[in-house]
>>> print(open('model35.csv').read())   # CSV, C-alpha atoms
chain,number,residue,atom,x,y,z
A,192,MET,CA,88.4,136.0,172.3
A,193,ALA,CA,91.0,138.6,173.1
A,194,ASN,CA,89.1,141.1,171.0
A,195,VAL,CA,85.5,142.0,170.2
A,196,GLU,CA,85.5,139.8,167.0
A,197,GLY,CA,86.8,136.7,168.9
A,198,PHE,CA,84.3,137.3,171.7
A,199,ARG,CA,81.4,137.6,169.3
A,200,LYS,CA,82.5,134.4,167.6
A,201,LEU,CA,82.4,132.6,171.0
A,202,MET,CA,79.0,134.1,171.7
A,203,LYS,CA,77.6,132.5,168.5
A,204,SER,CA,78.3,129.0,169.8
A,205,LEU,CA,76.8,129.9,173.2
A,206,ILE,CA,73.7,131.3,171.6
A,207,VAL,CA,73.2,127.9,169.8
A,208,TYR,CA,73.5,126.1,173.1
A,209,SER,CA,71.0,128.5,174.7
A,210,LYS,CA,68.5,128.0,172.0
A,211,VAL,CA,68.6,124.2,172.4
A,212,ALA,CA,68.5,124.5,176.2
A,213,GLY,CA,65.5,126.8,176.1
A,214,VAL,CA,67.3,129.7,177.8
A,215,GLU,CA,67.8,132.3,175.1
A,216,ILE,CA,69.7,134.8,177.3
A,217,TRP,CA,71.1,136.9,174.5
A,218,THR,CA,68.3,136.6,171.9
A,219,ALA,CA,65.1,136.5,173.9
A,220,PRO,CA,66.1,137.4,177.5
A,221,GLY,CA,63.7,136.5,180.2
A,222,LYS,CA,61.1,135.0,177.7
A,223,PHE,CA,59.8,131.5,177.6
A,224,VAL,CA,60.2,130.3,174.0
A,225,PRO,CA,58.9,127.0,172.6
A,226,ALA,CA,62.2,125.3,173.5
A,227,SER,CA,61.7,126.4,177.1
A,228,TYR,CA,58.3,124.7,177.3
A,229,TYR,CA,59.8,121.6,175.7
A,230,VAL,CA,62.5,121.4,178.3
A,231,SER,CA,60.0,122.0,181.1
A,232,PHE,CA,57.9,119.2,179.7
A,233,HIS,CA,60.8,116.8,179.8
A,234,ILE,CA,61.8,117.8,183.3
A,235,THR,CA,58.2,117.4,184.5
A,236,VAL,CA,58.0,113.9,182.9
A,237,TYR,CA,61.3,113.1,184.6
A,238,PHE,CA,60.1,114.1,188.1
A,239,VAL,CA,56.8,112.4,187.7
A,240,SER,CA,58.4,109.2,186.4
A,241,THR,CA,60.9,109.2,189.2
A,242,VAL,CA,58.2,109.5,191.8
A,243,TRP,CA,56.3,106.7,190.0
A,244,THR,CA,59.3,104.5,189.9
A,245,LEU,CA,60.2,105.1,193.6
A,246,ARG,CA,56.7,104.1,194.6
A,247,LYS,CA,56.9,101.0,192.4
A,248,TYR,CA,60.2,99.8,194.0
A,249,ILE,CA,59.5,101.1,197.5
A,250,ASP,CA,60.5,97.7,198.9
A,251,ASP,CA,63.9,97.7,197.1
A,252,PRO,CA,66.1,100.5,198.7
A,253,ILE,CA,69.1,99.7,196.5
A,254,HIS,CA,67.0,100.2,193.3
A,255,MET,CA,65.6,103.4,194.7
A,256,MET,CA,69.1,104.7,195.3
A,257,LYS,CA,70.0,103.9,191.7
A,258,VAL,CA,67.0,105.8,190.5
A,259,LEU,CA,67.8,108.8,192.7
A,260,ILE,CA,71.4,109.1,191.6
A,261,THR,CA,70.4,111.3,188.7
A,262,MET,CA,68.0,113.5,190.7
A,263,GLY,CA,70.8,115.8,191.9
A,264,THR,CA,71.9,116.6,188.3
A,265,ALA,CA,68.3,117.2,187.2
A,266,VAL,CA,67.5,119.5,190.1
A,267,GLN,CA,70.6,121.6,189.7
A,268,LEU,CA,70.1,122.0,185.9
A,269,TYR,CA,66.5,123.0,186.3
A,270,ILE,CA,67.6,125.6,189.0
A,271,LYS,CA,70.2,126.9,186.5
A,272,PHE,CA,67.4,127.0,183.8
A,273,PHE,CA,65.3,129.3,186.0
A,274,VAL,CA,68.3,131.4,187.0
A,275,GLY,CA,69.1,131.9,183.4
A,276,HIS,CA,65.6,133.2,182.7
A,277,SER,CA,65.4,135.4,185.9
A,278,LYS,CA,68.9,136.9,185.5
A,279,ALA,CA,68.8,137.2,181.7
A,280,GLN,CA,68.6,141.0,181.7
A,281,GLU,CA,71.6,141.3,184.1
A,282,ILE,CA,73.6,138.9,182.0
A,283,MET,CA,72.8,141.0,178.8
A,284,LEU,CA,74.0,144.2,180.6
A,285,VAL,CA,77.2,142.7,181.9
A,286,THR,CA,77.9,141.2,178.4
A,287,ALA,CA,77.5,144.6,176.7
A,288,GLU,CA,79.6,146.3,179.4
A,289,LEU,CA,82.3,143.6,179.0
A,290,GLU,CA,82.4,144.0,175.3
A,291,GLN,CA,82.5,147.8,175.4
A,292,GLU,CA,84.5,148.6,178.5
A,293,VAL,CA,87.1,145.8,178.5
A,294,LEU,CA,87.5,144.2,175.0
A,295,LYS,CA,86.8,147.2,172.8
A,296,ARG,CA,88.7,149.7,175.0
A,297,TYR,CA,91.8,147.6,175.6
A,298,GLN,CA,92.1,145.3,172.5
A,299,ASN,CA,94.4,148.0,171.0
A,300,GLY,CA,95.8,149.3,174.2
A,301,SER,CA,99.3,148.9,175.7
A,302,GLU,CA,101.4,145.8,175.4
A,303,GLN,CA,100.5,144.7,179.0
A,304,GLU,CA,96.8,145.2,178.5
A,305,ILE,CA,96.8,143.2,175.3
A,306,ALA,CA,98.8,140.5,177.0
A,307,VAL,CA,96.1,140.2,179.7
A,308,LEU,CA,93.3,139.9,177.1
A,309,ARG,CA,95.3,137.4,175.0
A,310,ARG,CA,96.0,135.2,178.0
A,311,THR,CA,92.3,135.3,179.0
A,312,GLY,CA,91.2,134.5,175.4
A,313,ARG,CA,93.6,131.6,175.1
A,314,ILE,CA,92.4,130.0,178.4
A,315,LEU,CA,88.8,130.4,177.4
A,316,TRP,CA,89.4,128.9,173.9
A,317,ILE,CA,91.1,125.8,175.5
A,318,VAL,CA,88.5,125.4,178.3
A,319,HIS,CA,85.6,125.8,175.9
A,320,ARG,CA,86.8,123.1,173.6
A,321,LEU,CA,87.9,120.8,176.3
A,322,MET,CA,84.6,121.2,178.2
A,323,SER,CA,82.4,120.7,175.1
A,324,ALA,CA,84.4,117.7,173.9
A,325,SER,CA,84.5,116.0,177.3
A,326,TYR,CA,80.8,116.6,178.1
A,327,ILE,CA,79.7,115.3,174.7
A,328,PHE,CA,82.1,112.4,174.8
A,329,ALA,CA,80.8,111.4,178.3
A,330,ALA,CA,77.2,111.7,177.0
A,331,VAL,CA,77.9,109.5,174.0
A,332,ALA,CA,79.7,106.9,176.1
A,333,PHE,CA,76.9,106.8,178.6
A,334,GLY,CA,74.3,106.6,175.8
A,335,LEU,CA,76.0,103.5,174.5
A,336,TYR,CA,75.9,101.8,177.9
A,337,PRO,CA,72.5,99.9,177.2
A,338,ALA,CA,74.0,98.5,174.0
A,339,PHE,CA,77.2,97.3,175.8
A,340,TYR,CA,75.2,95.9,178.6
A,341,TYR,CA,72.9,94.0,176.2
A,342,PHE,CA,75.8,92.5,174.3
A,343,ALA,CA,77.6,91.5,177.5
A,344,THR,CA,74.6,90.0,179.4
A,345,GLY,CA,71.7,89.7,176.9
A,346,VAL,CA,69.5,91.9,179.2
A,347,VAL,CA,67.7,95.0,177.8
A,348,VAL,CA,68.1,98.0,180.1
A,349,PRO,CA,67.0,101.6,179.7
A,350,LEU,CA,69.4,104.6,179.7
A,351,PHE,CA,68.2,105.8,183.1
A,352,LEU,CA,66.4,103.6,185.6
A,353,TYR,CA,63.3,105.7,186.0
A,354,GLU,CA,60.2,104.3,184.2
A,355,LEU,CA,57.5,106.2,182.5
A,356,PRO,CA,54.0,105.7,184.0
A,357,PHE,CA,51.7,103.3,182.2
A,358,PHE,CA,54.6,102.1,179.9
A,359,ASP,CA,55.9,98.6,180.4
A,360,LEU,CA,59.7,98.4,179.8
A,361,SER,CA,59.3,94.7,178.9
A,362,SER,CA,57.3,95.6,175.8
A,363,SER,CA,58.9,96.9,172.6
A,364,LEU,CA,56.7,100.0,172.5
A,365,GLY,CA,57.3,100.9,176.2
A,366,TYR,CA,61.0,100.5,175.8
A,367,ALA,CA,61.2,102.6,172.6
A,368,VAL,CA,59.1,105.4,174.1
A,369,THR,CA,61.2,105.4,177.3
A,370,MET,CA,64.5,105.5,175.4
A,371,CYS,CA,63.2,108.4,173.2
A,372,PHE,CA,62.4,110.4,176.3
A,373,GLN,CA,65.7,109.6,178.0
A,374,ILE,CA,67.9,110.3,175.0
A,375,ASN,CA,66.2,113.7,174.5
A,376,LEU,CA,66.7,114.5,178.2
A,377,LEU,CA,70.3,113.4,178.1
A,378,ALA,CA,71.0,115.6,175.0
A,379,ILE,CA,69.3,118.7,176.5
A,380,GLY,CA,71.0,118.2,179.9
A,381,VAL,CA,74.5,117.9,178.4
A,382,LEU,CA,74.1,121.1,176.3
A,383,GLY,CA,72.5,122.9,179.3
A,384,ALA,CA,75.5,121.8,181.5
A,385,ILE,CA,78.0,123.1,178.9
A,386,LEU,CA,76.2,126.4,178.7
A,387,SER,CA,75.7,127.0,182.4
A,388,ASP,CA,79.2,125.9,183.5
A,389,PHE,CA,81.1,127.7,180.7
A,390,VAL,CA,79.1,130.9,181.1
A,391,PHE,CA,80.0,130.9,184.8
A,392,PHE,CA,83.7,130.3,184.0
A,393,MET,CA,83.8,132.9,181.1
A,394,TYR,CA,82.4,135.8,183.1
A,395,ALA,CA,84.6,134.9,186.1
A,396,MET,CA,87.7,134.9,183.8
A,397,TYR,CA,86.8,138.3,182.2
A,398,ALA,CA,86.2,139.8,185.7
A,399,MET,CA,89.7,138.6,186.7
A,400,ALA,CA,91.1,140.0,183.5
A,401,ARG,CA,89.5,143.4,184.4
A,402,ALA,CA,91.2,143.1,187.8
A,403,ASP,CA,94.6,142.3,186.1
A,404,ILE,CA,94.3,145.4,183.9
A,405,SER,CA,93.5,147.4,187.0
A,406,ILE,CA,96.7,146.0,188.6
A,407,VAL,CA,98.7,147.0,185.5
A,408,HIS,CA,97.4,150.6,185.8
A,409,LEU,CA,98.2,150.7,189.5
A,410,ARG,CA,101.8,149.7,188.7
A,411,GLU,CA,102.0,152.5,186.2
A,412,LEU,CA,100.7,154.9,188.9
A,413,GLU,CA,103.3,153.6,191.3
A,414,ASN,CA,106.1,154.4,188.7
A,415,ILE,CA,104.7,157.9,188.3
A,416,LEU,CA,104.7,158.4,192.1
A,417,ASN,CA,108.3,157.2,192.3
A,418,ASP,CA,109.4,159.6,189.5
A,419,PRO,CA,111.5,162.3,191.2
A,420,SER,CA,110.6,165.0,188.6
A,421,LYS,CA,107.9,167.4,189.9
A,422,ASN,CA,106.4,169.7,187.3
A,423,GLU,CA,103.1,170.7,185.9
A,424,GLU,CA,103.2,167.9,183.2
A,425,HIS,CA,104.0,165.3,185.9
A,426,SER,CA,101.0,166.5,188.0
A,427,ALA,CA,98.6,166.3,185.1
A,428,GLU,CA,99.8,162.8,184.2
A,429,LEU,CA,99.5,161.8,187.8
A,430,ARG,CA,95.9,163.1,188.0
A,431,HIS,CA,95.0,161.3,184.8
A,432,LYS,CA,96.4,158.0,185.9
A,433,TRP,CA,94.8,158.2,189.3
A,434,VAL,CA,91.4,158.9,187.8
A,435,GLN,CA,91.9,155.9,185.5
A,436,CYS,CA,92.8,153.7,188.5
A,437,MET,CA,89.7,154.8,190.4
A,438,HIS,CA,87.6,154.0,187.4
A,439,ASP,CA,89.3,150.6,187.0
A,440,HIS,CA,88.7,149.7,190.7
A,441,GLN,CA,85.0,150.8,190.5
A,442,GLN,CA,84.5,148.7,187.4
A,443,SER,CA,86.4,145.7,188.7
A,444,THR,CA,84.4,145.6,192.0
A,445,SER,CA,81.2,146.0,190.0
A,446,PHE,CA,82.0,143.0,187.8
A,447,PHE,CA,82.8,140.8,190.8
A,448,SER,CA,79.6,141.9,192.6
A,449,THR,CA,77.5,141.3,189.5
A,450,ILE,CA,78.9,137.8,189.1
A,451,GLU,CA,78.2,137.0,192.7
A,452,ASN,CA,74.6,138.3,192.3
A,453,ILE,CA,74.0,136.3,189.1
A,454,PHE,CA,75.7,133.0,189.9
A,455,GLY,CA,75.3,132.7,193.7
A,456,LEU,CA,72.2,130.5,193.5
A,457,MET,CA,73.8,128.4,190.8
A,458,CYS,CA,76.8,127.8,193.1
A,459,LEU,CA,74.5,126.8,196.0
A,460,ALA,CA,72.5,124.4,193.8
A,461,GLN,CA,75.7,122.9,192.5
A,462,VAL,CA,77.3,122.3,195.9
A,463,ALA,CA,74.1,121.0,197.6
A,464,THR,CA,73.0,118.6,194.8
A,465,ALA,CA,76.5,117.4,194.0
A,466,THR,CA,77.2,116.6,197.7
A,467,LEU,CA,73.9,114.6,198.0
A,468,SER,CA,74.6,112.8,194.7
A,469,ILE,CA,78.1,111.9,195.8
A,470,CYS,CA,76.8,110.5,199.1
A,471,ASP,CA,74.3,108.4,197.1
A,472,ALA,CA,77.0,107.2,194.7
A,473,MET,CA,79.4,106.2,197.6
A,474,LEU,CA,76.6,104.1,199.1
A,475,LEU,CA,76.1,102.3,195.8
A,476,VAL,CA,79.8,101.8,195.4
A,477,LEU,CA,80.0,100.0,198.8
A,478,LEU,CA,76.8,98.1,198.5
A,479,THR,CA,76.6,97.1,194.8
A,480,ASP,CA,78.8,96.4,191.7
A,481,TRP,CA,76.7,98.7,189.5
A,482,TYR,CA,79.3,100.2,187.2
A,483,PRO,CA,77.4,103.4,186.1
A,484,THR,CA,77.9,104.5,189.7
A,485,TYR,CA,81.6,105.2,189.1
A,486,SER,CA,80.8,107.5,186.1
A,487,TYR,CA,78.2,109.4,188.1
A,488,LEU,CA,80.6,109.8,191.0
A,489,TYR,CA,83.4,111.0,188.8
A,490,VAL,CA,81.3,113.5,186.9
A,491,MET,CA,79.7,115.0,190.0
A,492,PHE,CA,83.1,115.2,191.8
A,493,VAL,CA,84.8,116.9,188.9
A,494,GLN,CA,82.0,119.4,188.5
A,495,LEU,CA,81.8,120.2,192.2
A,496,SER,CA,85.6,120.7,192.3
A,497,GLY,CA,85.5,123.0,189.2
A,498,PHE,CA,83.1,125.4,190.8
A,499,PHE,CA,85.3,125.7,193.9
A,500,VAL,CA,88.5,126.1,191.8
A,501,ILE,CA,86.9,129.1,190.0
A,502,GLY,CA,85.8,130.6,193.3
A,503,HIS,CA,89.3,130.2,194.7
A,504,LEU,CA,90.9,131.8,191.6
A,505,VAL,CA,88.6,134.8,192.0
A,506,GLU,CA,89.5,135.1,195.7
A,507,LEU,CA,93.2,135.0,194.8
A,508,LYS,CA,92.7,137.7,192.2
A,509,ILE,CA,90.9,140.0,194.6
A,510,ASP,CA,93.7,139.5,197.1
A,511,ALA,CA,96.3,140.4,194.5
A,512,MET,CA,94.4,143.6,193.7
A,513,TYR,CA,94.2,144.4,197.5
A,514,ASN,CA,97.9,143.7,198.0
A,515,LYS,CA,98.8,146.0,195.1
A,516,ILE,CA,96.7,148.8,196.5
A,517,ILE,CA,98.1,148.6,200.0
A,518,SER,CA,101.7,148.4,198.7
A,519,MET,CA,101.4,151.6,196.8
A,520,PRO,CA,103.3,154.7,198.1
A,521,TRP,CA,100.0,156.4,198.7
A,522,TYR,CA,101.6,159.0,200.9
A,523,LYS,CA,103.2,160.5,197.8
A,524,LEU,CA,99.8,161.3,196.4
A,525,PRO,CA,98.5,164.9,196.5
A,526,LEU,CA,96.2,165.7,199.4
A,527,GLN,CA,93.0,165.5,197.3
A,528,GLU,CA,94.0,162.1,195.9
A,529,GLN,CA,94.9,160.8,199.4
A,530,LYS,CA,91.3,161.5,200.5
A,531,GLU,CA,90.0,159.7,197.5
A,532,PHE,CA,92.4,156.8,198.2
A,533,ARG,CA,90.7,156.3,201.6
A,534,PHE,CA,87.4,155.7,199.8
A,535,LEU,CA,89.1,153.2,197.5
A,536,MET,CA,90.5,151.4,200.5
A,537,SER,CA,87.2,151.3,202.2
A,538,ARG,CA,85.5,149.7,199.2
A,539,GLN,CA,88.3,147.2,198.7
A,540,GLN,CA,87.9,145.9,202.3
A,541,CYS,CA,84.3,145.0,201.7
A,542,PRO,CA,83.8,141.3,200.8
A,543,MET,CA,83.8,140.6,197.1
A,544,ILE,CA,84.3,136.8,197.0
A,545,LEU,CA,82.0,134.4,195.3
A,546,THR,CA,79.7,132.6,197.6
A,547,ALA,CA,77.0,129.9,197.5
A,548,TYR,CA,74.2,132.4,197.7
A,549,GLY,CA,75.7,133.9,200.9
A,550,PHE,CA,75.8,130.6,202.8
A,551,HIS,CA,79.5,130.0,202.4
A,552,PRO,CA,82.4,131.2,200.3
A,553,MET,CA,83.4,129.3,197.2
A,554,ASN,CA,87.1,128.8,198.1
A,555,PHE,CA,89.5,126.0,199.0
A,556,GLU,CA,88.7,126.3,202.7
A,557,ALA,CA,85.0,125.6,202.1
A,558,TYR,CA,85.9,122.9,199.6
A,559,MET,CA,88.0,121.2,202.2
A,560,SER,CA,85.0,121.4,204.6
A,561,VAL,CA,82.8,119.7,202.0
A,562,LEU,CA,85.4,117.0,201.4
A,563,LYS,CA,85.7,116.4,205.2
A,564,VAL,CA,81.9,115.9,205.4
A,565,LEU,CA,82.0,113.4,202.5
A,566,TYR,CA,84.9,111.6,204.1
A,567,GLN,CA,83.1,111.4,207.5
A,568,PHE,CA,80.0,110.1,205.8
A,569,PHE,CA,82.0,107.4,203.9
A,570,VAL,CA,83.8,106.3,207.1
A,571,MET,CA,80.5,106.1,209.0
A,572,ILE,CA,78.9,103.9,206.2
A,573,MET,CA,82.0,101.7,206.2
A,574,GLN,CA,81.8,101.1,209.9
A,575,TYR,CA,78.1,100.4,209.6
A,576,ILE,CA,78.7,97.8,206.9
A,577,ASP,CA,81.6,96.1,208.9
A,578,ARG,CA,79.3,95.7,211.9
A,579,ASN,CA,76.6,94.1,209.9
>>> encode(input="model35.csv", output="structure tokens")
Amino acid sequence: MANVEGFRKLMKSLIVYSKVAGVEIWTAPGKFVPASYYVSFHITVYFVSTVWTLRKYIDDPIHMMKVLITMGTAVQLYIKFFVGHSKAQEIMLVTAELEQEVLKRYQNGSEQEIAVLRRTGRILWIVHRLMSASYIFAAVAFGLYPAFYYFATGVVVPLFLYELPFFDLSSSLGYAVTMCFQINLLAIGVLGAILSDFVFFMYAMYAMARADISIVHLRELENILNDPSKNEEHSAELRHKWVQCMHDHQQSTSFFSTIENIFGLMCLAQVATATLSICDAMLLVLLTDWYPTYSYLYVMFVQLSGFFVIGHLVELKIDAMYNKIISMPWYKLPLQEQKEFRFLMSRQQCPMILTAYGFHPMNFEAYMSVLKVLYQFFVMIMQYIDRN
């Protein structure tokens, strides 16, 4: 993943995930393929069945909360599904630009440039395997829950608590059809979650790698400016390095802006649905001894935290680039370059952080605000339960 060959190898596995999830970003960008209609059919069945089940158990609020605990995950994945289709062309363009302007250009570059790409590739390799293994393991463990529950209690339960309309779970046919639908939905959802979450992480990491390479070139420019020799060769080298730094900065800011444009709605969907699902799960933890609640709570909390961590890392990298720019001895630049430096500073001071579709930044400060709201909700529910 530190060169074009490794990147293309990684993309092959992501293309497989995209075909299963019905979002063929790199092979049929923006087009609804048969798998897309298949996924949409399953999601439609899920929503209709959820409404049917809620109406059936309208007098049982606890059961309704158990049914609704998966709603947040379903909504966020379907939003990511449509974002993948609507932003497919932009993702294709940024992928091609990344391959040509970053990997192909610097895979045989200086020692520091290669070190940046290797570090990024190593992190992506580890995260890709950990994410795939953990998501699939969690799905398999959750899929075995009905079997464990049956052996422990002798009661037959479905994978999820929603019921298909006109199918009786107490009958063999109704249970078999319901389980087939639910296992299909679980498999599609897990692969879709791996695809969307890792693609977000991958492009953020490569954008930060581009910023790191920009910082490397700024250091080289600083060394040239501090060189006491003043001759024609020095001036030509200075001009060449300055033009390179200007191009680096333009490309880095373009990468960050593109990522914000593509993934902003995904971040908003992730934060909103995860927060509501965690609130639902906390209520079930306090009011019931339903064990699947803990797994839902853990998964949603980890996923929510991961998005904020990525946003925070991006913010730190942008700050590092800004600090390197303002610490340069810019006054040693020739007059023409000093004028261009002002434009660079002006662009750097414009916001480039990841946001939840512009509603709030994806950083630790916003993360702490979300945790504070969840804590206040938990305390309020605890007080209500103690009074009753």
>>> closest_residue(input="model35.csv", among="A:Leu201, A:Val230, A:Val505, A:Met536", to="Met553 in chain A", atoms="all atoms listed in the file")
A:Val505
>>> closest_residue(input="model35.csv", among="A:Met396, A:Leu478, A:Leu488, A:Tyr237", to="Ile314 in chain A", atoms="only C-alpha atoms")
A:Met396
>>> residues_around(input="model35.csv", residues="Ala384 in chain A", least_positions_apart="6", cutoff="12 Å", atoms="all atoms listed in the file", output="PyMOL selection string")
chain A and resi 205+208-209+211-212+214+264-272+322-323+325-327+330+376-378+390-391+457+461+490-491+494
>>> residues_near_point(input="model35.csv", point="(75.2, 136.4, 192.0)", cutoff="12 Å", atoms="all atoms listed in the file", output="PDB file with C-alpha atoms, in the frame of the given file")
ATOM      1  CA  VAL A 274      68.300 131.400 187.000  1.00  0.00           C
ATOM      2  CA  GLY A 275      69.100 131.900 183.400  1.00  0.00           C
ATOM      3  CA  SER A 277      65.400 135.400 185.900  1.00  0.00           C
ATOM      4  CA  LYS A 278      68.900 136.900 185.500  1.00  0.00           C
ATOM      5  CA  GLU A 281      71.600 141.300 184.100  1.00  0.00           C
ATOM      6  CA  ILE A 282      73.600 138.900 182.000  1.00  0.00           C
ATOM      7  CA  PHE A 391      80.000 130.900 184.800  1.00  0.00           C
ATOM      8  CA  TYR A 394      82.400 135.800 183.100  1.00  0.00           C
ATOM      9  CA  ALA A 395      84.600 134.900 186.100  1.00  0.00           C
ATOM     10  CA  SER A 445      81.200 146.000 190.000  1.00  0.00           C
ATOM     11  CA  PHE A 446      82.000 143.000 187.800  1.00  0.00           C
ATOM     12  CA  PHE A 447      82.800 140.800 190.800  1.00  0.00           C
ATOM     13  CA  SER A 448      79.600 141.900 192.600  1.00  0.00           C
ATOM     14  CA  THR A 449      77.500 141.300 189.500  1.00  0.00           C
ATOM     15  CA  ILE A 450      78.900 137.800 189.100  1.00  0.00           C
ATOM     16  CA  GLU A 451      78.200 137.000 192.700  1.00  0.00           C
ATOM     17  CA  ASN A 452      74.600 138.300 192.300  1.00  0.00           C
ATOM     18  CA  ILE A 453      74.000 136.300 189.100  1.00  0.00           C
ATOM     19  CA  PHE A 454      75.700 133.000 189.900  1.00  0.00           C
ATOM     20  CA  GLY A 455      75.300 132.700 193.700  1.00  0.00           C
ATOM     21  CA  LEU A 456      72.200 130.500 193.500  1.00  0.00           C
ATOM     22  CA  MET A 457      73.800 128.400 190.800  1.00  0.00           C
ATOM     23  CA  CYS A 458      76.800 127.800 193.100  1.00  0.00           C
ATOM     24  CA  LEU A 459      74.500 126.800 196.000  1.00  0.00           C
ATOM     25  CA  MET A 543      83.800 140.600 197.100  1.00  0.00           C
ATOM     26  CA  ILE A 544      84.300 136.800 197.000  1.00  0.00           C
ATOM     27  CA  LEU A 545      82.000 134.400 195.300  1.00  0.00           C
ATOM     28  CA  THR A 546      79.700 132.600 197.600  1.00  0.00           C
ATOM     29  CA  ALA A 547      77.000 129.900 197.500  1.00  0.00           C
ATOM     30  CA  TYR A 548      74.200 132.400 197.700  1.00  0.00           C
ATOM     31  CA  GLY A 549      75.700 133.900 200.900  1.00  0.00           C
TER      32      GLY A 549
END
>>> atom_distance(input="model35.csv", atom1="CA of Pro337 in chain A", atom2="CA of Thr479 in chain A")
18.3 Å
>>> residues_around(input="model35.csv", residues="range 556-572 of chain A", least_positions_apart="6", cutoff="12 Å", atoms="all atoms listed in the file", output="ChimeraX atom specification")
/A:462-463,465-478,492,495-503,506,545-547,550,578-579
>>> residues_around(input="model35.csv", residues="Asn299 in chain A", least_positions_apart="6", cutoff="12 Å", atoms="only C-alpha atoms", output="list in words")
Ala193, Asn194, Val195, Val293, Ile305, Ala306, Val307, Leu308 and Arg309 of chain A
>>> closest_residue(input="model35.csv", among="A:Thr244, A:Gln574, A:Trp217, A:Phe223", to="Asp359 in chain A", atoms="all atoms listed in the file")
A:Thr244
>>> build_atoms(input="model35.csv", residues="range 367-379 of chain A", atoms="N, CA and C atoms", output="tab-separated table (two decimals), in the coordinates of the input")
chain	number	residue	atom	x	y	z
A	367	ALA	N	60.82	101.56	173.63
A	367	ALA	CA	61.20	102.60	172.60
A	367	ALA	C	60.75	103.97	173.07
A	368	VAL	N	59.55	104.11	173.64
A	368	VAL	CA	59.10	105.40	174.10
A	368	VAL	C	59.99	105.91	175.26
A	369	THR	N	60.31	105.02	176.17
A	369	THR	CA	61.20	105.40	177.30
A	369	THR	C	62.54	105.84	176.84
A	370	MET	N	63.13	105.11	175.90
A	370	MET	CA	64.50	105.50	175.40
A	370	MET	C	64.42	106.81	174.65
A	371	CYS	N	63.36	107.08	173.90
A	371	CYS	CA	63.20	108.40	173.20
A	371	CYS	C	63.22	109.52	174.20
A	372	PHE	N	62.43	109.38	175.26
A	372	PHE	CA	62.40	110.40	176.30
A	372	PHE	C	63.74	110.59	176.95
A	373	GLN	N	64.40	109.49	177.27
A	373	GLN	CA	65.70	109.60	178.00
A	373	GLN	C	66.79	110.10	177.16
A	374	ILE	N	66.84	109.74	175.89
A	374	ILE	CA	67.90	110.30	175.00
A	374	ILE	C	67.69	111.78	174.81
A	375	ASN	N	66.45	112.22	174.64
A	375	ASN	CA	66.20	113.70	174.50
A	375	ASN	C	66.61	114.39	175.80
A	376	LEU	N	66.30	113.83	176.95
A	376	LEU	CA	66.70	114.50	178.20
A	376	LEU	C	68.18	114.51	178.38
A	377	LEU	N	68.88	113.45	177.97
A	377	LEU	CA	70.30	113.40	178.10
A	377	LEU	C	70.96	114.52	177.18
A	378	ALA	N	70.48	114.65	175.94
A	378	ALA	CA	71.00	115.60	175.00
A	378	ALA	C	70.80	117.07	175.53
A	379	ILE	N	69.57	117.34	175.99
A	379	ILE	CA	69.30	118.70	176.50
A	379	ILE	C	70.09	118.96	177.76
